[in-house]
>>> print(open('run13.cif').read())   # mmCIF, C-alpha atoms and all ligand atoms
data_target
#
loop_
_atom_site.label_atom_id
_atom_site.label_comp_id
_atom_site.auth_asym_id
_atom_site.auth_seq_id
_atom_site.Cartn_x
_atom_site.Cartn_y
_atom_site.Cartn_z
CA MET F 1 12.54 14.72 -16.52
CA PHE F 2 11.32 17.41 -14.11
CA PHE F 3 8.43 19.73 -14.79
CA VAL F 4 8.30 22.62 -12.33
CA GLY F 5 5.78 25.41 -12.04
CA PRO F 6 3.41 27.43 -9.88
CA ALA F 7 -0.02 26.75 -8.45
CA GLY F 8 -1.97 29.54 -10.13
CA TYR F 9 -1.12 32.14 -12.74
CA PRO F 10 2.17 34.08 -12.47
CA PRO F 11 1.68 37.71 -11.33
CA GLY F 12 0.52 40.03 -14.11
CA SER F 13 -1.09 37.29 -16.22
CA LYS F 14 -4.36 38.31 -17.80
CA GLY F 15 -6.07 34.98 -18.34
CA ALA F 16 -4.88 31.46 -18.85
CA LEU F 17 -3.18 31.90 -22.21
CA GLN F 18 -0.92 34.67 -20.91
CA ALA F 19 -0.28 32.64 -17.75
CA VAL F 20 1.13 29.77 -19.82
CA GLU F 21 3.33 32.21 -21.74
CA ASN F 22 4.54 33.82 -18.52
CA VAL F 23 5.36 30.42 -17.04
CA ARG F 24 7.56 29.76 -20.07
CA LYS F 25 9.20 33.21 -19.79
CA LEU F 26 10.17 32.35 -16.21
CA GLY F 27 11.95 29.25 -17.51
CA LEU F 28 9.31 26.97 -15.97
CA ASP F 29 7.41 24.14 -17.59
CA ALA F 30 4.34 23.34 -15.46
CA LEU F 31 1.23 25.20 -14.37
CA GLU F 32 -1.57 24.08 -12.07
CA VAL F 33 -4.70 26.00 -13.00
CA GLN F 34 -6.69 26.78 -9.84
CA PHE F 35 -10.37 25.98 -9.77
CA GLY F 36 -10.24 26.32 -5.96
CA ARG F 37 -13.16 28.75 -5.75
CA SER F 38 -14.89 27.76 -9.00
CA VAL F 39 -14.28 26.04 -12.32
CA ASN F 40 -13.60 29.35 -14.03
CA LEU F 41 -12.16 28.11 -17.31
CA SER F 42 -14.75 27.01 -19.87
CA VAL F 43 -14.28 24.01 -22.13
CA GLU F 44 -14.05 26.47 -25.08
CA LYS F 45 -11.27 28.51 -23.40
CA GLY F 46 -9.55 25.26 -22.46
CA ARG F 47 -9.51 24.21 -26.10
CA GLU F 48 -7.72 27.47 -27.02
CA LEU F 49 -5.17 26.88 -24.28
CA ALA F 50 -4.21 23.29 -25.16
CA PRO F 51 -2.23 23.90 -28.40
CA ARG F 52 -0.29 26.86 -26.92
CA ALA F 53 0.68 24.89 -23.81
CA ARG F 54 1.80 21.99 -25.98
CA GLU F 55 3.80 24.30 -28.26
CA LEU F 56 5.57 25.92 -25.29
CA GLY F 57 6.12 22.60 -23.50
CA VAL F 58 4.16 23.59 -20.38
CA ALA F 59 2.62 20.63 -18.57
CA LEU F 60 -0.85 21.60 -17.38
CA SER F 61 -2.80 20.28 -14.42
CA ALA F 62 -5.81 21.60 -12.53
CA HIS F 63 -6.87 21.87 -8.89
CA ALA F 64 -10.54 21.06 -8.25
CA PRO F 65 -12.68 23.27 -5.93
CA TYR F 66 -11.72 23.24 -2.23
CA TYR F 67 -15.30 22.78 -1.06
CA ILE F 68 -15.58 19.28 -2.55
CA ASN F 69 -16.36 16.70 0.15
CA PHE F 70 -17.45 13.22 -0.91
CA ASN F 71 -18.06 12.31 2.73
CA SER F 72 -21.02 14.69 3.00
CA GLU F 73 -24.77 14.23 3.05
CA GLY F 74 -27.28 14.37 0.20
CA ASP F 75 -27.15 17.42 -1.97
CA ASN F 76 -23.60 18.39 -1.18
CA ARG F 77 -22.28 14.99 -2.13
CA ALA F 78 -23.91 15.06 -5.58
CA LYS F 79 -22.68 18.63 -6.02
CA SER F 80 -19.15 17.57 -5.08
CA GLU F 81 -19.22 14.88 -7.77
CA ASN F 82 -20.41 17.47 -10.29
CA TRP F 83 -17.71 19.99 -9.28
CA LEU F 84 -15.05 17.36 -9.88
CA LEU F 85 -16.66 16.46 -13.20
CA SER F 86 -16.69 20.08 -14.41
CA SER F 87 -13.03 20.34 -13.39
CA LEU F 88 -12.26 17.17 -15.37
CA ARG F 89 -14.11 18.48 -18.45
CA SER F 90 -12.21 21.78 -18.48
CA ALA F 91 -8.95 19.98 -17.73
CA ASP F 92 -9.59 17.57 -20.59
CA ALA F 93 -10.18 20.49 -22.97
CA MET F 94 -6.91 22.20 -21.99
CA GLY F 95 -4.95 18.96 -22.30
CA ALA F 96 -4.18 18.66 -18.58
CA ARG F 97 -2.90 15.27 -17.42
CA ILE F 98 -4.30 15.34 -13.90
CA VAL F 99 -6.91 17.07 -11.71
CA VAL F 100 -5.90 17.31 -8.06
CA VAL F 101 -8.67 17.07 -5.47
CA HIS F 102 -9.10 17.31 -1.69
CA ALA F 103 -11.54 14.43 -1.47
CA ALA F 104 -13.14 14.61 1.97
CA SER F 105 -13.25 15.55 5.64
CA TYR F 106 -13.95 12.95 8.31
CA MET F 107 -16.99 14.83 9.68
CA GLY F 108 -16.67 12.84 12.90
CA ARG F 109 -16.85 9.52 11.07
CA PRO F 110 -14.16 6.82 11.14
CA SER F 111 -11.54 6.75 8.39
CA SER F 112 -13.01 3.57 6.87
CA ALA F 113 -16.46 5.17 6.40
CA ALA F 114 -14.95 8.25 4.77
CA THR F 115 -12.82 6.03 2.49
CA ARG F 116 -15.97 4.11 1.51
CA ALA F 117 -17.71 7.39 0.61
CA VAL F 118 -14.74 8.53 -1.48
CA VAL F 119 -14.65 5.17 -3.32
CA ASP F 120 -18.39 5.30 -4.10
CA SER F 121 -18.30 8.90 -5.33
CA LEU F 122 -15.19 8.40 -7.44
CA ARG F 123 -16.72 5.30 -9.05
CA ARG F 124 -19.70 7.41 -10.11
CA VAL F 125 -17.41 10.16 -11.40
CA ARG F 126 -15.23 7.68 -13.29
CA LYS F 127 -18.29 6.17 -14.95
CA VAL F 128 -19.13 9.57 -16.49
CA VAL F 129 -15.45 10.16 -17.32
CA ALA F 130 -15.45 6.89 -19.30
CA ASP F 131 -18.80 7.65 -21.00
CA GLU F 132 -17.59 11.10 -22.08
CA GLY F 133 -14.09 9.90 -23.00
CA LEU F 134 -12.31 12.39 -20.71
CA THR F 135 -8.58 11.70 -20.35
CA PRO F 136 -7.36 13.38 -17.11
CA ILE F 137 -6.42 11.26 -14.12
CA ILE F 138 -7.93 12.06 -10.70
CA GLY F 139 -5.14 12.99 -8.27
CA LEU F 140 -5.86 12.46 -4.57
CA GLU F 141 -3.78 14.88 -2.53
CA THR F 142 -2.21 13.90 0.80
CA MET F 143 -3.86 16.27 3.27
CA GLY F 144 -2.26 18.33 6.03
CA LYS F 145 -4.97 18.66 8.68
CA VAL F 146 -5.68 15.76 11.02
CA GLY F 147 -9.42 16.30 10.35
CA SER F 148 -9.02 15.91 6.59
CA TRP F 149 -9.29 12.58 4.85
CA GLY F 150 -6.19 11.86 2.79
CA THR F 151 -3.30 9.91 4.27
CA LEU F 152 -1.26 7.89 1.80
CA GLU F 153 -2.77 4.71 3.27
CA GLU F 154 -6.32 5.95 2.67
CA ILE F 155 -5.44 7.01 -0.86
CA ALA F 156 -3.93 3.56 -1.49
CA GLN F 157 -7.21 1.94 -0.40
CA VAL F 158 -9.15 4.01 -2.94
CA MET F 159 -6.62 3.25 -5.69
CA ALA F 160 -7.10 -0.47 -5.04
CA GLU F 161 -10.80 -0.07 -5.86
CA VAL F 162 -11.04 2.72 -8.44
CA GLU F 163 -9.25 3.03 -11.79
CA GLY F 164 -7.75 6.27 -13.05
CA VAL F 165 -6.71 7.56 -9.64
CA GLU F 166 -3.17 8.52 -8.55
CA PRO F 167 -1.65 9.84 -5.31
CA VAL F 168 -0.47 13.47 -5.20
CA PRO F 169 2.05 13.75 -2.38
CA ASP F 170 1.98 17.25 -0.89
CA PHE F 171 5.22 17.32 1.10
CA ALA F 172 4.17 20.33 3.16
CA HIS F 173 1.03 18.48 4.20
CA ILE F 174 2.91 15.26 5.00
CA HIS F 175 5.36 17.30 7.11
CA ALA F 176 2.56 19.15 8.95
CA ARG F 177 0.40 16.12 9.62
CA GLY F 178 3.46 14.20 10.81
CA GLN F 179 4.42 17.05 13.21
CA GLY F 180 7.57 17.87 11.27
CA CYS F 181 8.35 14.35 10.07
CA LEU F 182 10.42 15.32 7.00
CA ARG F 183 13.80 16.15 8.54
CA THR F 184 16.29 14.00 6.63
CA GLU F 185 16.95 12.69 3.13
CA GLU F 186 15.74 9.28 4.36
CA ASP F 187 12.43 10.80 5.53
CA PHE F 188 11.85 12.21 2.05
CA GLN F 189 12.96 8.97 0.42
CA ARG F 190 10.32 7.08 2.41
CA ALA F 191 7.61 9.59 1.48
CA VAL F 192 8.52 9.48 -2.23
CA ASP F 193 8.80 5.67 -2.26
CA GLY F 194 5.43 5.38 -0.48
CA ALA F 195 3.74 7.23 -3.33
CA MET F 196 5.78 5.66 -6.14
CA ASP F 197 5.08 2.12 -4.91
CA LEU F 198 1.38 2.69 -5.62
CA PHE F 199 1.64 3.23 -9.39
CA PRO F 200 4.18 3.22 -12.21
CA GLY F 201 3.71 6.61 -13.93
CA ARG F 202 4.75 10.22 -13.71
CA LEU F 203 4.73 11.53 -10.15
CA HIS F 204 2.73 14.71 -9.58
CA CYS F 205 3.58 16.50 -6.32
CA HIS F 206 3.07 19.70 -4.41
CA PHE F 207 5.79 21.48 -2.47
CA SER F 208 5.93 24.49 -0.17
CA CYS F 209 7.03 25.09 3.39
CA ILE F 210 4.46 25.07 6.15
CA GLU F 211 3.50 26.16 9.65
CA TYR F 212 1.67 23.58 11.73
CA THR F 213 0.05 22.94 15.09
CA ALA F 214 -1.05 19.76 16.87
CA LYS F 215 -3.99 19.74 14.40
CA GLY F 216 -1.61 19.74 11.44
CA GLU F 217 -1.43 22.33 8.66
CA LYS F 218 -1.81 25.98 9.64
CA ARG F 219 -0.49 27.94 6.64
CA HIS F 220 1.87 27.57 3.72
CA LEU F 221 5.22 29.38 3.95
CA LEU F 222 8.00 30.54 1.63
CA LEU F 223 10.70 28.11 0.50
CA GLU F 224 13.36 30.02 2.48
CA THR F 225 11.84 28.91 5.80
CA LYS F 226 13.11 25.35 5.00
CA GLU F 227 10.23 23.74 6.88
CA PRO F 228 10.67 21.19 5.34
CA ASP F 229 13.93 21.77 3.43
CA PHE F 230 13.52 21.46 -0.34
CA GLU F 231 17.24 20.68 -0.66
CA LEU F 232 16.58 17.23 0.84
CA LEU F 233 13.90 16.45 -1.75
CA CYS F 234 16.29 17.70 -4.46
CA ARG F 235 18.71 14.94 -3.54
CA VAL F 236 16.02 12.26 -3.54
CA LEU F 237 14.04 13.05 -6.70
CA PRO F 238 16.76 12.46 -9.33
CA ARG F 239 16.99 8.89 -8.03
CA ALA F 240 13.26 8.34 -8.64
CA GLY F 241 13.93 7.27 -12.22
CA ARG F 242 10.69 8.69 -13.54
CA ASP F 243 9.15 11.93 -14.70
CA VAL F 244 8.16 14.23 -11.86
CA THR F 245 5.94 17.32 -11.90
CA LEU F 246 6.51 19.68 -8.97
CA ILE F 247 3.90 22.32 -8.30
CA CYS F 248 4.94 25.11 -5.93
CA GLU F 249 2.23 26.22 -3.49
CA SER F 250 4.20 28.70 -1.38
CA PRO F 251 2.90 32.28 -0.87
CA ASP F 252 5.17 33.20 -3.85
CA PRO F 253 4.44 30.23 -6.11
CA SER F 254 6.15 31.56 -9.25
CA GLY F 255 9.22 33.01 -7.52
CA ASP F 256 9.77 29.92 -5.42
CA ALA F 257 9.15 27.61 -8.40
CA VAL F 258 12.03 29.38 -10.19
CA THR F 259 14.24 28.74 -7.14
CA MET F 260 13.13 25.10 -7.02
CA ARG F 261 13.95 24.66 -10.72
CA ARG F 262 17.40 26.16 -10.14
CA MET F 263 18.08 23.93 -7.12
CA LEU F 264 17.04 20.80 -9.05
CA GLU F 265 19.41 21.67 -11.89
CA ARG F 266 22.47 22.08 -9.69
ZN ZN J 1 -4.49 21.03 -2.75
#
>>> encode(input="run13.cif", output="structure tokens")
Amino acid sequence: MFFVGPAGYPPGSKGALQAVENVRKLGLDALEVQFGRSVNLSVEKGRELAPRARELGVALSAHAPYYINFNSEGDNRAKSENWLLSSLRSADAMGARIVVVHAASYMGRPSSAATRAVVDSLRRVRKVVADEGLTPIIGLETMGKVGSWGTLEEIAQVMAEVEGVEPVPDFAHIHARGQGCLRTEEDFQRAVDGAMDLFPGRLHCHFSCIEYTAKGEKRHLLLETKEPDFELLCRVLPRAGRDVTLICESPDPSGDAVTMRRMLER
């Protein structure tokens, strides 16, 4: 089964509850609540949201703050762990299955050192998650800039050491980091298989089109730019044989999510 929806509230939504209703009105069934700038949905508000989302069949997820960086010094590292924890608490209250996070930047350090830092931080976070009985999974997003930690290989290394972590393939980011590497159905098949080989469950992914430079991601673009072409992913995903959530992160996330839904149903 496919669950498709926007990153962020559909236009005109006043608050989270209306956003879930508007997602449903658009014929969509997923919503990624954005905590990019701050965790702006309290546990209390989350608890009001959960039953309505369940009733309307809208699969909720959350995106943790962008300024999280587990490969940072002192204060900022502890703060990053706390920002992820607040995201997980609100996500748990609203019944979200997964919290997506940009885990780290290299900060001039080698990949292995950054991976080590991510593992150590996520172990601490997971300890609290277990103590508090929070249910959401931590989703590590594949990152689009060459200076950002988060290749599928790095994510796999963390998954080998920390429980409750899943990969979140962002196809725009994979395409940008790989200098336009998603050109054929086979390219997408490899990217999807790479993520699916790491775990057995529902696959949570991000899609948009993207502009890139030698440093990778520059900015997200509308679906119509076909960079990469969603049609190719449409042919691959039905063969995945498992539930897939697709979150649209284009500059028109709701409009393009509706198009994506329609293309998947053809
Ligand atoms: Zn992201």
>>> axis_aligned_box(input="run13.cif", around="region 24-42 of chain F", padding_each_side="6 Å", output="lines of an AutoDock Vina configuration file")
center_x = -1.5
center_y = 28.3
center_z = -12.9
size_x = 38.8
size_y = 21.9
size_z = 26.3
>>> closest_residue(input="run13.cif", among="F:Met94, F:Ala117, F:Ala64, F:Leu84", to="Val20 (chain F)", atoms="only C-alpha atoms")
F:Met94
>>> residues_around(input="run13.cif", residues="region 249-265 of chain F", least_positions_apart="2", cutoff="10 Å", atoms="only C-alpha atoms", output="PyMOL selection string")
chain F and resi 2-11+22-23+26-32+170+172+206-210+219-224+230-231+233-235+237-238+246-247
>>> residues_around(input="run13.cif", residues="Glu217 (chain F)", least_positions_apart="6", cutoff="8 Å", atoms="all atoms listed in the file", output="list in words")
Gly144, Lys145, His173, Ala176, Arg177, Ile210 and Glu211 of chain F
>>> residues_around(input="run13.cif", residues="Gly194 (chain F)", least_positions_apart="5", cutoff="10 Å", atoms="only C-alpha atoms", output="short mmCIF file (atom, residue, chain, number, x, y, z; two decimals) with C-alpha atoms, in the frame of the given file")
data_model
loop_
_atom_site.label_atom_id
_atom_site.label_comp_id
_atom_site.auth_asym_id
_atom_site.auth_seq_id
_atom_site.Cartn_x
_atom_site.Cartn_y
_atom_site.Cartn_z
CA LEU F 152 -1.26 7.89 1.80
CA GLU F 153 -2.77 4.71 3.27
CA ALA F 156 -3.93 3.56 -1.49
CA PRO F 167 -1.65 9.84 -5.31
CA PRO F 169 2.05 13.75 -2.38
CA PHE F 188 11.85 12.21 2.05
CA GLN F 189 12.96 8.97 0.42
CA PHE F 199 1.64 3.23 -9.39
#
>>> closest_residue(input="run13.cif", among="F:Ala114, F:Ile155, F:Val125, F:Ile137", to="Asn82 (chain F)", atoms="only C-alpha atoms")
F:Val125
>>> closest_residue(input="run13.cif", among="F:Leu134, F:Val158, F:Ala195, F:Ala93", to="Arg116 (chain F)", atoms="only C-alpha atoms")
F:Val158
>>> atom_distance(input="run13.cif", atom1="CA of Leu182 (chain F)", atom2="CA of Ala214 (chain F)")
15.8 Å
>>> build_atoms(input="run13.cif", residues="region 219-230 of chain F", atoms="all heavy atoms", output="compact mmCIF listing (two decimals), in the coordinates of the input")
# COMPACT_ATOMS: atom_id res chain seq x y z
N ARG F 219 -0.55 27.17 7.90
CA ARG F 219 -0.49 27.94 6.64
C ARG F 219 0.80 27.63 5.89
O ARG F 219 1.81 27.25 6.48
CB ARG F 219 -0.63 29.44 6.89
CG ARG F 219 0.48 30.02 7.69
CD ARG F 219 0.17 31.43 8.17
NE ARG F 219 1.20 31.83 9.13
CZ ARG F 219 2.14 32.73 8.86
NH1 ARG F 219 2.16 33.34 7.70
NH2 ARG F 219 3.06 33.01 9.76
N HIS F 220 0.72 27.82 4.58
CA HIS F 220 1.87 27.57 3.72
C HIS F 220 2.87 28.72 3.85
O HIS F 220 2.48 29.87 4.03
CB HIS F 220 1.40 27.41 2.27
CG HIS F 220 0.70 26.11 2.02
ND1 HIS F 220 1.10 25.22 1.04
CD2 HIS F 220 -0.34 25.51 2.65
CE1 HIS F 220 0.31 24.16 1.07
NE2 HIS F 220 -0.59 24.32 2.03
N LEU F 221 4.16 28.39 3.77
CA LEU F 221 5.22 29.38 3.95
C LEU F 221 6.17 29.38 2.76
O LEU F 221 6.17 28.45 1.94
CB LEU F 221 6.04 29.04 5.21
CG LEU F 221 5.31 28.99 6.56
CD1 LEU F 221 6.27 28.47 7.64
CD2 LEU F 221 4.77 30.36 6.95
N LEU F 222 7.00 30.43 2.69
CA LEU F 222 8.00 30.54 1.63
C LEU F 222 9.06 29.44 1.74
O LEU F 222 9.34 28.94 2.83
CB LEU F 222 8.69 31.91 1.70
CG LEU F 222 7.82 33.13 1.34
CD1 LEU F 222 8.56 34.42 1.70
CD2 LEU F 222 7.44 33.11 -0.14
N LEU F 223 9.67 29.14 0.59
CA LEU F 223 10.70 28.11 0.50
C LEU F 223 11.86 28.36 1.47
O LEU F 223 12.45 27.43 2.03
CB LEU F 223 11.23 28.12 -0.94
CG LEU F 223 11.86 26.86 -1.49
CD1 LEU F 223 10.84 25.74 -1.54
CD2 LEU F 223 12.43 27.12 -2.89
N GLU F 224 12.19 29.65 1.67
CA GLU F 224 13.36 30.02 2.48
C GLU F 224 13.22 29.61 3.95
O GLU F 224 14.20 29.55 4.66
CB GLU F 224 13.60 31.54 2.38
CG GLU F 224 12.47 32.35 2.99
CD GLU F 224 12.54 33.84 2.61
OE1 GLU F 224 13.12 34.17 1.57
OE2 GLU F 224 11.98 34.66 3.39
N THR F 225 12.02 29.31 4.40
CA THR F 225 11.84 28.91 5.80
C THR F 225 12.31 27.46 6.04
O THR F 225 12.48 27.04 7.18
CB THR F 225 10.37 29.02 6.25
OG1 THR F 225 9.58 28.13 5.48
CG2 THR F 225 9.84 30.44 6.08
N LYS F 226 12.53 26.71 4.93
CA LYS F 226 13.11 25.35 5.00
C LYS F 226 12.35 24.42 5.95
O LYS F 226 12.95 23.61 6.66
CB LYS F 226 14.58 25.42 5.41
CG LYS F 226 15.40 26.18 4.42
CD LYS F 226 16.88 26.03 4.71
CE LYS F 226 17.69 26.80 3.66
NZ LYS F 226 19.10 26.74 3.88
N GLU F 227 11.04 24.55 5.95
CA GLU F 227 10.23 23.74 6.88
C GLU F 227 9.12 23.05 6.09
O GLU F 227 7.99 23.55 6.06
CB GLU F 227 9.68 24.67 7.96
CG GLU F 227 9.05 24.01 9.16
CD GLU F 227 10.03 23.24 10.03
OE1 GLU F 227 11.04 23.81 10.47
OE2 GLU F 227 9.77 22.05 10.26
N PRO F 228 9.40 21.94 5.38
CA PRO F 228 10.67 21.19 5.34
C PRO F 228 11.64 21.79 4.31
O PRO F 228 11.27 22.68 3.55
CB PRO F 228 10.22 19.81 4.90
CG PRO F 228 9.03 20.05 4.04
CD PRO F 228 8.35 21.27 4.59
N ASP F 229 12.85 21.25 4.27
CA ASP F 229 13.93 21.77 3.43
C ASP F 229 13.88 21.13 2.04
O ASP F 229 14.08 19.93 1.90
CB ASP F 229 15.27 21.47 4.11
CG ASP F 229 16.43 22.20 3.41
OD1 ASP F 229 16.20 22.80 2.34
OD2 ASP F 229 17.56 22.13 3.93
N PHE F 230 13.64 21.97 1.03
CA PHE F 230 13.52 21.46 -0.34
C PHE F 230 14.81 20.79 -0.81
O PHE F 230 14.78 19.87 -1.63
CB PHE F 230 13.14 22.60 -1.30
CG PHE F 230 12.91 22.14 -2.71
CD1 PHE F 230 11.85 21.30 -3.03
CD2 PHE F 230 13.78 22.53 -3.73
CE1 PHE F 230 11.65 20.86 -4.34
CE2 PHE F 230 13.58 22.08 -5.04
CZ PHE F 230 12.51 21.25 -5.34
